[in-house]
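One file, start-v2.pdb, carrying PDB, C-alpha atoms:
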```
ATOM      1  CA  MET T   1       0.000   0.000   0.000
ATOM      2  CA  LEU T   2       1.265   3.431  -0.851
ATOM      3  CA  SER T   3       1.566   6.104   1.777
ATOM      4  CA  PRO T   4       1.034   9.788   1.253
ATOM      5  CA  SER T   5       4.716  10.391   1.558
ATOM      6  CA  SER T   6       5.637   8.041  -1.262
ATOM      7  CA  SER T   7       8.033   9.783  -3.597
ATOM      8  CA  GLN T   8       6.953   7.789  -6.596
ATOM      9  CA  ALA T   9       7.407   9.278 -10.034
ATOM     10  CA  PRO T  10       4.205   9.593 -12.066
ATOM     11  CA  SER T  11       3.748   6.826 -14.635
ATOM     12  CA  PRO T  12       0.830   7.420 -17.023
ATOM     13  CA  LEU T  13       0.995   3.880 -18.428
ATOM     14  CA  ALA T  14       0.794   2.346 -14.956
ATOM     15  CA  GLY T  15      -2.092   4.681 -14.160
ATOM     16  CA  ILE T  16      -3.930   3.610 -17.316
ATOM     17  CA  ALA T  17      -3.454  -0.086 -16.486
ATOM     18  CA  LEU T  18      -4.662   0.373 -12.906
ATOM     19  CA  ALA T  19      -7.666   2.430 -14.005
ATOM     20  CA  MET T  20      -8.693  -0.121 -16.634
ATOM     21  CA  ALA T  21      -8.542  -2.904 -14.030
ATOM     22  CA  GLY T  22     -10.581  -0.779 -11.632
ATOM     23  CA  TYR T  23     -13.259  -0.008 -14.219
ATOM     24  CA  SER T  24     -13.532  -3.705 -15.099
ATOM     25  CA  LEU T  25     -14.412  -4.388 -11.454
ATOM     26  CA  PHE T  26     -16.862  -1.489 -11.420
ATOM     27  CA  SER T  27     -18.683  -3.208 -14.279
ATOM     28  CA  ILE T  28     -19.086  -6.282 -12.061
ATOM     29  CA  GLN T  29     -20.304  -3.950  -9.335
ATOM     30  CA  ASP T  30     -22.877  -2.382 -11.669
ATOM     31  CA  ALA T  31     -24.139  -5.802 -12.743
ATOM     32  CA  ALA T  32     -24.548  -6.893  -9.113
ATOM     33  CA  VAL T  33     -26.357  -3.700  -8.139
ATOM     34  CA  LYS T  34     -28.648  -3.885 -11.169
ATOM     35  CA  TRP T  35     -29.566  -7.406 -10.028
ATOM     36  CA  LEU T  36     -30.109  -6.369  -6.404
ATOM     37  CA  VAL T  37     -32.012  -3.148  -7.045
ATOM     38  CA  GLU T  38     -34.996  -5.135  -8.304
ATOM     39  CA  THR T  39     -35.549  -6.439  -4.742
ATOM     40  CA  TYR T  40     -33.728  -4.161  -2.323
ATOM     41  CA  PRO T  41     -33.631  -0.351  -1.851
ATOM     42  CA  VAL T  42     -30.541   1.443  -3.154
ATOM     43  CA  PRO T  43     -29.558   2.897   0.291
ATOM     44  CA  GLU T  44     -29.655  -0.596   1.828
ATOM     45  CA  ILE T  45     -27.364  -1.970  -0.896
ATOM     46  CA  LEU T  46     -24.966   0.943  -0.463
ATOM     47  CA  PHE T  47     -25.014   0.568   3.328
ATOM     48  CA  ILE T  48     -23.976  -3.111   3.367
ATOM     49  CA  ARG T  49     -21.429  -2.540   0.584
ATOM     50  CA  SER T  50     -19.920   0.404   2.445
ATOM     51  CA  VAL T  51     -19.755  -1.453   5.768
ATOM     52  CA  MET T  52     -17.635  -4.089   4.031
ATOM     53  CA  ILE T  53     -15.289  -1.434   2.608
ATOM     54  CA  VAL T  54     -14.994   0.254   6.038
ATOM     55  CA  CYS T  55     -14.055  -3.075   7.637
ATOM     56  CA  ILE T  56     -11.444  -3.835   4.960
ATOM     57  CA  SER T  57     -10.002  -0.311   5.035
ATOM     58  CA  THR T  58      -9.822  -0.223   8.837
ATOM     59  CA  PHE T  59      -8.000  -3.555   8.919
ATOM     60  CA  VAL T  60      -5.419  -2.368   6.367
ATOM     61  CA  ILE T  61      -4.938   0.996   8.092
ATOM     62  CA  ARG T  62      -4.309  -0.589  11.489
ATOM     63  CA  ARG T  63      -2.024  -3.220  10.033
ATOM     64  CA  ASN T  64       0.101  -0.772   8.027
ATOM     65  CA  GLY T  65      -0.012   2.150  10.461
ATOM     66  CA  HIS T  66      -1.591   4.754   8.202
ATOM     67  CA  PRO T  67      -2.125   8.191   9.779
ATOM     68  CA  SER T  68      -5.673   8.895  10.925
ATOM     69  CA  ILE T  69      -8.004  10.618   8.466
ATOM     70  CA  LEU T  70      -8.995  12.930  11.337
ATOM     71  CA  ARG T  71      -5.523  14.479  11.064
ATOM     72  CA  SER T  72      -5.645  14.806   7.290
ATOM     73  CA  PRO T  73      -5.167  18.319   5.870
ATOM     74  CA  HIS T  74      -7.726  17.334   3.229
ATOM     75  CA  ARG T  75     -10.619  16.581   5.576
ATOM     76  CA  GLY T  76     -12.860  19.067   3.789
ATOM     77  CA  SER T  77     -12.059  17.632   0.356
ATOM     78  CA  LEU T  78     -12.582  14.080   1.622
ATOM     79  CA  ILE T  79     -15.999  14.972   3.035
ATOM     80  CA  LEU T  80     -17.001  16.846  -0.119
ATOM     81  CA  ARG T  81     -15.918  13.937  -2.308
ATOM     82  CA  ALA T  82     -17.863  11.495  -0.137
ATOM     83  CA  LEU T  83     -21.018  13.595  -0.518
ATOM     84  CA  LEU T  84     -20.520  13.843  -4.275
ATOM     85  CA  MET T  85     -20.073  10.069  -4.538
ATOM     86  CA  LEU T  86     -23.166   9.477  -2.408
ATOM     87  CA  GLY T  87     -25.217  11.759  -4.636
ATOM     88  CA  ALA T  88     -23.885  10.063  -7.765
ATOM     89  CA  TRP T  89     -24.638   6.549  -6.513
ATOM     90  CA  LEU T  90     -28.116   7.308  -5.198
ATOM     91  CA  SER T  91     -29.080   9.138  -8.399
ATOM     92  CA  TYR T  92     -27.586   6.631 -10.836
ATOM     93  CA  TYR T  93     -28.939   3.454  -9.321
ATOM     94  CA  SER T  94     -32.319   4.975  -8.607
ATOM     95  CA  ALA T  95     -32.609   5.924 -12.281
ATOM     96  CA  VAL T  96     -31.824   2.322 -13.299
ATOM     97  CA  ARG T  97     -35.392   1.435 -12.342
ATOM     98  CA  HIS T  98     -36.816   3.788 -14.962
ATOM     99  CA  LEU T  99     -34.331   3.840 -17.866
ATOM    100  CA  GLY T 100     -32.945   1.266 -20.246
ATOM    101  CA  LEU T 101     -29.267   0.343 -20.178
ATOM    102  CA  ALA T 102     -28.614   2.091 -23.499
ATOM    103  CA  GLU T 103     -30.098   5.390 -22.354
ATOM    104  CA  ILE T 104     -28.509   5.429 -18.918
ATOM    105  CA  THR T 105     -25.081   4.381 -20.208
ATOM    106  CA  THR T 106     -24.991   7.022 -22.918
ATOM    107  CA  MET T 107     -25.926   9.867 -20.593
ATOM    108  CA  TYR T 108     -23.687   8.765 -17.719
ATOM    109  CA  PHE T 109     -20.626   8.621 -19.943
ATOM    110  CA  SER T 110     -20.781  12.381 -20.298
ATOM    111  CA  ALA T 111     -18.679  12.305 -17.109
ATOM    112  CA  PRO T 112     -15.267  11.865 -18.829
ATOM    113  CA  ILE T 113     -15.916  14.955 -20.962
ATOM    114  CA  ILE T 114     -16.712  16.911 -17.784
ATOM    115  CA  VAL T 115     -13.506  15.568 -16.195
ATOM    116  CA  MET T 116     -11.484  16.798 -19.166
ATOM    117  CA  VAL T 117     -12.956  20.297 -18.852
ATOM    118  CA  LEU T 118     -12.578  20.449 -15.065
ATOM    119  CA  SER T 119      -8.982  19.189 -15.240
ATOM    120  CA  ILE T 120      -8.132  22.287 -17.281
ATOM    121  CA  PHE T 121      -9.725  24.840 -14.973
ATOM    122  CA  VAL T 122      -9.289  23.149 -11.565
ATOM    123  CA  LEU T 123      -6.105  21.077 -11.861
ATOM    124  CA  ARG T 124      -4.440  23.346 -14.435
ATOM    125  CA  GLU T 125      -3.568  20.302 -16.530
ATOM    126  CA  LYS T 126      -2.495  20.729 -20.128
ATOM    127  CA  VAL T 127      -4.917  18.730 -22.236
ATOM    128  CA  GLY T 128      -3.429  18.181 -25.662
ATOM    129  CA  PRO T 129      -5.292  17.377 -28.874
ATOM    130  CA  MET T 130      -4.643  13.626 -28.566
ATOM    131  CA  ARG T 131      -6.389  13.392 -25.175
ATOM    132  CA  TRP T 132      -9.317  15.371 -26.530
ATOM    133  CA  PHE T 133      -9.458  13.076 -29.548
ATOM    134  CA  ALA T 134      -9.433   9.942 -27.376
ATOM    135  CA  CYS T 135     -12.150  11.313 -25.109
ATOM    136  CA  VAL T 136     -14.462  12.460 -27.922
ATOM    137  CA  ALA T 137     -13.880   9.274 -29.954
ATOM    138  CA  GLY T 138     -14.659   7.189 -26.895
ATOM    139  CA  PHE T 139     -17.915   9.058 -26.320
ATOM    140  CA  VAL T 140     -18.893   8.560 -29.970
ATOM    141  CA  GLY T 141     -18.229   4.859 -29.452
ATOM    142  CA  VAL T 142     -20.513   4.855 -26.412
ATOM    143  CA  VAL T 143     -23.316   6.521 -28.401
ATOM    144  CA  VAL T 144     -22.934   4.028 -31.252
ATOM    145  CA  ALA T 145     -22.849   1.033 -28.907
ATOM    146  CA  ALA T 146     -25.690   2.154 -26.651
ATOM    147  CA  ASP T 147     -27.872   3.331 -29.567
ATOM    148  CA  PRO T 148     -30.395   5.292 -27.477
ATOM    149  CA  GLY T 149     -33.791   5.233 -29.120
ATOM    150  CA  GLU T 150     -36.700   7.144 -27.745
ATOM    151  CA  ALA T 151     -36.197  10.218 -25.597
ATOM    152  CA  PRO T 152     -35.950   9.191 -21.929
ATOM    153  CA  SER T 153     -38.153  10.417 -19.118
ATOM    154  CA  LEU T 154     -37.084  13.838 -17.944
ATOM    155  CA  VAL T 155     -36.605  13.204 -14.203
ATOM    156  CA  PRO T 156     -34.601   9.936 -14.462
ATOM    157  CA  ALA T 157     -32.518  11.481 -17.259
ATOM    158  CA  ALA T 158     -31.734  14.477 -15.058
ATOM    159  CA  MET T 159     -30.738  12.073 -12.256
ATOM    160  CA  VAL T 160     -28.235  10.314 -14.522
ATOM    161  CA  LEU T 161     -26.720  13.576 -15.746
ATOM    162  CA  PHE T 162     -26.471  14.746 -12.133
ATOM    163  CA  ALA T 163     -24.705  11.481 -11.279
ATOM    164  CA  GLY T 164     -22.237  12.045 -14.118
ATOM    165  CA  PHE T 165     -21.503  15.567 -12.910
ATOM    166  CA  CYS T 166     -20.966  14.390  -9.315
ATOM    167  CA  TRP T 167     -18.694  11.581 -10.467
ATOM    168  CA  ALA T 168     -16.634  14.013 -12.585
ATOM    169  CA  TRP T 169     -16.134  16.363  -9.629
ATOM    170  CA  SER T 170     -15.240  13.462  -7.336
ATOM    171  CA  THR T 171     -12.663  12.301  -9.901
ATOM    172  CA  ILE T 172     -11.006  15.716  -9.854
ATOM    173  CA  LEU T 173     -10.917  15.616  -6.046
ATOM    174  CA  VAL T 174      -9.305  12.164  -6.140
ATOM    175  CA  ARG T 175      -6.487  13.597  -8.237
ATOM    176  CA  LEU T 176      -6.057  16.544  -5.867
ATOM    177  CA  VAL T 177      -6.171  14.521  -2.650
ATOM    178  CA  SER T 178      -4.031  11.660  -3.997
ATOM    179  CA  ARG T 179      -1.033  13.965  -4.100
ATOM    180  CA  SER T 180      -0.647  13.695  -0.327
ATOM    181  CA  GLU T 181      -3.343  11.355   1.039
ATOM    182  CA  SER T 182      -3.164   7.556   1.064
ATOM    183  CA  THR T 183      -5.544   5.607  -1.123
ATOM    184  CA  ILE T 184      -6.851   3.507   1.750
ATOM    185  CA  ASN T 185      -7.712   6.610   3.809
ATOM    186  CA  GLN T 186      -9.714   7.996   0.887
ATOM    187  CA  MET T 187     -11.659   4.743   0.683
ATOM    188  CA  LEU T 188     -12.365   4.785   4.420
ATOM    189  CA  ALA T 189     -13.536   8.408   4.428
ATOM    190  CA  THR T 190     -15.932   7.907   1.512
ATOM    191  CA  SER T 191     -17.386   4.659   2.830
ATOM    192  CA  LEU T 192     -17.855   6.048   6.344
ATOM    193  CA  ALA T 193     -19.970   8.842   4.917
ATOM    194  CA  PHE T 194     -22.003   6.274   2.980
ATOM    195  CA  VAL T 195     -22.566   4.188   6.127
ATOM    196  CA  VAL T 196     -23.793   7.181   8.133
ATOM    197  CA  ALA T 197     -26.026   8.666   5.424
ATOM    198  CA  CYS T 198     -27.546   5.378   4.257
ATOM    199  CA  GLY T 199     -27.808   4.067   7.824
ATOM    200  CA  LEU T 200     -30.115   6.941   8.712
ATOM    201  CA  MET T 201     -32.503   5.806   5.955
ATOM    202  CA  LEU T 202     -32.581   2.115   6.878
ATOM    203  CA  PRO T 203     -35.362   2.222   9.527
ATOM    204  CA  PHE T 204     -37.753   3.465   6.829
ATOM    205  CA  LEU T 205     -36.922   1.072   3.984
ATOM    206  CA  TRP T 206     -35.037  -1.998   5.287
ATOM    207  CA  VAL T 207     -35.822  -5.265   3.500
ATOM    208  CA  TRP T 208     -34.274  -8.313   5.191
ATOM    209  CA  PRO T 209     -32.012 -10.024   2.606
ATOM    210  CA  ASP T 210     -32.171 -13.731   1.902
ATOM    211  CA  ALA T 211     -29.018 -15.871   1.599
ATOM    212  CA  GLU T 212     -28.467 -14.876  -2.027
ATOM    213  CA  GLY T 213     -28.970 -11.208  -1.209
ATOM    214  CA  TRP T 214     -26.431 -11.318   1.638
ATOM    215  CA  ALA T 215     -23.897 -13.110  -0.559
ATOM    216  CA  LEU T 216     -24.292 -10.620  -3.401
ATOM    217  CA  MET T 217     -24.089  -7.556  -1.149
ATOM    218  CA  LEU T 218     -21.066  -8.794   0.803
ATOM    219  CA  GLY T 219     -19.348  -9.811  -2.425
ATOM    220  CA  LEU T 220     -20.247  -6.417  -3.837
ATOM    221  CA  GLY T 221     -18.369  -4.781  -0.963
ATOM    222  CA  CYS T 222     -15.208  -6.801  -1.672
ATOM    223  CA  VAL T 223     -15.307  -6.113  -5.415
ATOM    224  CA  SER T 224     -15.995  -2.406  -4.831
ATOM    225  CA  ALA T 225     -13.101  -2.124  -2.369
ATOM    226  CA  LEU T 226     -10.611  -3.618  -4.827
ATOM    227  CA  GLY T 227     -11.995  -1.559  -7.719
ATOM    228  CA  GLN T 228     -11.724   1.674  -5.727
ATOM    229  CA  TYR T 229      -8.185   0.898  -4.635
ATOM    230  CA  LEU T 230      -7.011   0.221  -8.196
ATOM    231  CA  LEU T 231      -8.714   3.338  -9.558
ATOM    232  CA  TYR T 232      -7.398   5.644  -6.826
ATOM    233  CA  GLU T 233      -3.889   4.291  -7.369
ATOM    234  CA  GLY T 234      -4.339   4.990 -11.065
ATOM    235  CA  PHE T 235      -5.021   8.653 -10.323
ATOM    236  CA  ARG T 236      -1.856   8.729  -8.241
ATOM    237  CA  HIS T 237       0.162   7.796 -11.320
ATOM    238  CA  ALA T 238      -1.579   9.631 -14.170
ATOM    239  CA  PRO T 239      -3.354  12.965 -14.783
ATOM    240  CA  ALA T 240      -7.135  13.033 -14.629
ATOM    241  CA  SER T 241      -7.325  14.103 -18.280
ATOM    242  CA  THR T 242      -5.308  11.031 -19.289
ATOM    243  CA  LEU T 243      -7.565   8.617 -17.414
ATOM    244  CA  ALA T 244     -10.858  10.225 -18.458
ATOM    245  CA  PRO T 245     -11.101   8.355 -21.810
ATOM    246  CA  ILE T 246     -10.153   5.076 -20.095
ATOM    247  CA  GLU T 247     -13.487   5.179 -18.284
ATOM    248  CA  TYR T 248     -15.120   4.261 -21.583
ATOM    249  CA  SER T 249     -13.488   0.820 -21.351
ATOM    250  CA  GLY T 250     -16.063   0.081 -18.635
ATOM    251  CA  LEU T 251     -18.730  -0.174 -21.336
ATOM    252  CA  VAL T 252     -16.785  -2.914 -23.108
ATOM    253  CA  TRP T 253     -16.522  -4.835 -19.828
ATOM    254  CA  ALA T 254     -20.231  -4.334 -19.223
ATOM    255  CA  PHE T 255     -21.107  -5.928 -22.563
ATOM    256  CA  LEU T 256     -18.645  -8.759 -21.896
ATOM    257  CA  TYR T 257     -20.131  -9.519 -18.477
ATOM    258  CA  GLY T 258     -23.605  -9.274 -19.973
ATOM    259  CA  TYR T 259     -22.715 -12.028 -22.428
ATOM    260  CA  VAL T 260     -20.967 -14.242 -19.848
ATOM    261  CA  ILE T 261     -23.609 -13.874 -17.119
ATOM    262  CA  TRP T 262     -26.864 -13.406 -19.041
ATOM    263  CA  ALA T 263     -25.871 -14.773 -22.491
ATOM    264  CA  GLU T 264     -26.669 -11.418 -24.093
ATOM    265  CA  VAL T 265     -25.315 -11.376 -27.664
ATOM    266  CA  PRO T 266     -24.227  -7.838 -28.672
ATOM    267  CA  THR T 267     -25.657  -6.416 -31.894
ATOM    268  CA  TRP T 268     -23.589  -4.935 -34.716
ATOM    269  CA  ASN T 269     -23.737  -1.425 -33.280
ATOM    270  CA  VAL T 270     -22.357  -2.711 -29.977
ATOM    271  CA  PHE T 271     -19.373  -4.231 -31.758
ATOM    272  CA  ALA T 272     -18.847  -1.051 -33.785
ATOM    273  CA  GLY T 273     -18.982   1.105 -30.674
ATOM    274  CA  ALA T 274     -16.678  -1.244 -28.803
ATOM    275  CA  VAL T 275     -14.126  -1.010 -31.619
ATOM    276  CA  LEU T 276     -14.195   2.791 -31.392
ATOM    277  CA  ILE T 277     -13.808   2.693 -27.608
ATOM    278  CA  VAL T 278     -10.943   0.203 -27.664
ATOM    279  CA  CYS T 279      -9.167   2.007 -30.498
ATOM    280  CA  SER T 280      -9.420   5.378 -28.757
ATOM    281  CA  SER T 281      -7.992   3.868 -25.563
ATOM    282  CA  LEU T 282      -5.170   2.144 -27.478
ATOM    283  CA  VAL T 283      -4.334   5.380 -29.290
ATOM    284  CA  LEU T 284      -4.132   7.140 -25.935
ATOM    285  CA  VAL T 285      -1.855   4.423 -24.521
ATOM    286  CA  TRP T 286       0.404   4.693 -27.592
ATOM    287  CA  TRP T 287       0.507   8.483 -27.288
ATOM    288  CA  GLU T 288       1.298   8.481 -23.568
ATOM    289  CA  ARG T 289       4.044   5.889 -24.119
ATOM    290  CA  ARG T 290       5.484   8.067 -26.887
ATOM    291  CA  VAL T 291       5.449  11.131 -24.598
ATOM    292  CA  VAL T 292       7.231   9.165 -21.842
ATOM    293  CA  LEU T 293       9.914   7.925 -24.245
ATOM    294  CA  LEU T 294      10.495  11.412 -25.658
ATOM    295  CA  SER T 295      10.811  12.838 -22.142
ATOM    296  CA  ARG T 296      13.385  10.208 -21.212
ATOM    297  CA  ARG T 297      15.391  10.916 -24.358
ATOM    298  CA  ARG T 298      15.455  14.612 -23.573
ATOM    299  CA  LEU T 299      16.679  13.906 -20.050
ATOM    300  CA  ASN T 300      19.446  11.684 -21.398
ATOM    301  CA  VAL T 301      20.643  14.293 -23.892
TER     302      VAL T 301
END
```

Please go through the file and, once you have read it, give me the structure as structure tokens.
Amino acid sequence: MLSPSSSQAPSPLAGIALAMAGYSLFSIQDAAVKWLVETYPVPEILFIRSVMIVCISTFVIRRNGHPSILRSPHRGSLILRALLMLGAWLSYYSAVRHLGLAEITTMYFSAPIIVMVLSIFVLREKVGPMRWFACVAGFVGVVVAADPGEAPSLVPAAMVLFAGFCWAWSTILVRLVSRSESTINQMLATSLAFVVACGLMLPFLWVWPDAEGWALMLGLGCVSALGQYLLYEGFRHAPASTLAPIEYSGLVWAFLYGYVIWAEVPTWNVFAGAVLIVCSSLVLVWWERRVVLLSRRRLNV
């Protein structure tokens, strides 16, 4: 586990690899939640998931001697990020009940574009034409693959767009906080806020889970913890604008898991969109590798 004081040089390629692994796990998380939300309230699912992450994070923190989050200079940012994540999760998974996968996926993947814009104004990152190309091409791939048909209902659509905005802001905060705060502390802070907020709602909506429900929710917590850790570590290594297009790879994983779990055979537009998404991500990886090699050559001259 990395500590805040780690003097590790940024490595965009490592960040891309970590982020892609994290987003693949988030696709498993989304599939599990979509299954559970048909029977259980969203706050209950988030509560049990977050309790698992708190337990895992606390164990790691005590074992490795991480400094307390109460002493963190980024307490305000950690709290704000937790609230943004809570808003994103509650909005997104509540909208799942009312929108099709194509509609909700297309609208939610506006988040990477928002990240690109915010990274310029908030993080003062230099976003070159290649990163813009990868991000826009990836979004085009999402639109082609999702193929949204009829116009969605206004309120659920607004909830998804709100979720995308909250996620984009939380991504920027991850990049800011990761400069000096450990990944595991960020996970603990966010999940603690989820436990408190969702716990207050439980007396009004609790549905006692059966054996399958418990297994899925506890497994969801483990998968979410690992996915968060990999993604946060990715932001420690690479700029937010670099990782924004990589989020589109989550759609490819979602279609893959859909085929493996539910035997859903993608249509031609799904394959076409997936090709665009994969190609845009590969172009970005090639470009970042080229930038790293050029920088090393300049240093050696």

Just want the 10 Å neighbourhood of Leu202 in chain T, counted on only C-alpha atoms, with same-chain residues fewer than 2 positions away dropped. Output as an mmCIF file with C-alpha atoms, in the coordinates of the input.
```cif
data_model
loop_
_atom_site.group_PDB
_atom_site.id
_atom_site.type_symbol
_atom_site.label_atom_id
_atom_site.label_comp_id
_atom_site.auth_asym_id
_atom_site.auth_seq_id
_atom_site.Cartn_x
_atom_site.Cartn_y
_atom_site.Cartn_z
ATOM 1 C CA PRO T 41 -33.631 -0.351 -1.851
ATOM 2 C CA PRO T 43 -29.558 2.897 0.291
ATOM 3 C CA GLU T 44 -29.655 -0.596 1.828
ATOM 4 C CA PHE T 47 -25.014 0.568 3.328
ATOM 5 C CA ALA T 197 -26.026 8.666 5.424
ATOM 6 C CA CYS T 198 -27.546 5.378 4.257
ATOM 7 C CA GLY T 199 -27.808 4.067 7.824
ATOM 8 C CA LEU T 200 -30.115 6.941 8.712
ATOM 9 C CA PHE T 204 -37.753 3.465 6.829
ATOM 10 C CA LEU T 205 -36.922 1.072 3.984
ATOM 11 C CA TRP T 206 -35.037 -1.998 5.287
ATOM 12 C CA VAL T 207 -35.822 -5.265 3.500
#
```

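Summary of the local environment: counting all atoms listed in the file, residues at most 6 Å from range 158-164 of chain T, other than itself and those fewer than 3 positions away along its chain, are Ala88, Ser91, Tyr92, Tyr108, Ala111, Val155 and Trp167 of chain T.
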
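Here the question is which of T:Tyr257, T:Trp287, T:Tyr229, T:Tyr23 gets nearest to Val60 in chain T using all atoms listed in the file, and that residue is T:Tyr229.
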
Task: Selection dump of the PyMOL selection byres ((chain T and resi 220) around 10), as a ChimeraX atom specification - done: /T:25-26,28-33,45-46,48-50,52-53,214-219,221-225

TODO: Figure out the distance between CA of Thr183 in chain T and CA of Leu18 in chain T, please, to one decimal in Å.
DONE: 12.9 Å

Open item on the list: Here is a test: counting all atoms listed in the file, which residue of T:Phe139, T:Trp89, T:Trp286, T:Phe235 is nearest to Phe165 in chain T?
Closed with: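 Among the listed residues, T:Trp89 lies closest to Phe165 in chain T.
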
- [ ] Go through T:Val195, T:Ile246, T:Ile184, T:Leu84 one by one, measure the shortest atom-to-atom distance of each to Ile172 in chain T using only C-alpha atoms, and give the residue with the smallest value.
- [x]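 Answer, going by the shortest atom-to-atom distance: T:Leu84.
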
Open item on the list: Can you translate the PyMOL selection byres ((chain T and resi 190) around 9) into the concrete residues it hits in this file, as a list in words?
Closed with: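 Applied to this file, the PyMOL selection byres ((chain T and resi 190) around 9) selects Ser50, Val54, Leu78, Ile79, Arg81, Ala82, Leu83, Met85, Leu86, Asn185, Gln186, Met187, Leu188, Ala189, Ser191, Leu192, Ala193, Phe194 and Val195 of chain T.
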
Task: Point-to-point distance in Å for CA of Leu90 in chain T and CA of Gly234 in chain T - done: 24.6 Å

- [ ] Choose the residue, out of T:Ala238, T:Gly141, T:Gly213, T:Arg62, that has the smallest atom-to-atom separation from Thr39 in chain T; count all atoms listed in the file.
- [x]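 Ranking T:Ala238, T:Gly141, T:Gly213, T:Arg62 by distance to Thr39 in chain T, first place goes to T:Gly213.
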
Open item on the list: Here's a test: counting only C-alpha atoms, identify every protein, DNA and RNA residue with an atom at most 9 Å from (-39.1, 7.5, -9.2) in the file's coordinate frame, and state them as number ranges by chain.
Closed with: T: 94-95, 97-98, 155-156

TODO: Identify which of the residues T:Val51, T:Val136, T:Val37, T:Leu230 lies closest to Cys279 in chain T, counting only C-alpha atoms when measuring atom-to-atom distances.
DONE: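 Checking each candidate against Cys279 in chain T, we get T:Val136 as the closest.
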
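Using only C-alpha atoms for every distance, the candidate list T:Ala272, T:Leu231, T:Leu118, T:Val143 yields T:Leu231 as the residue closest to Gly22 in chain T.
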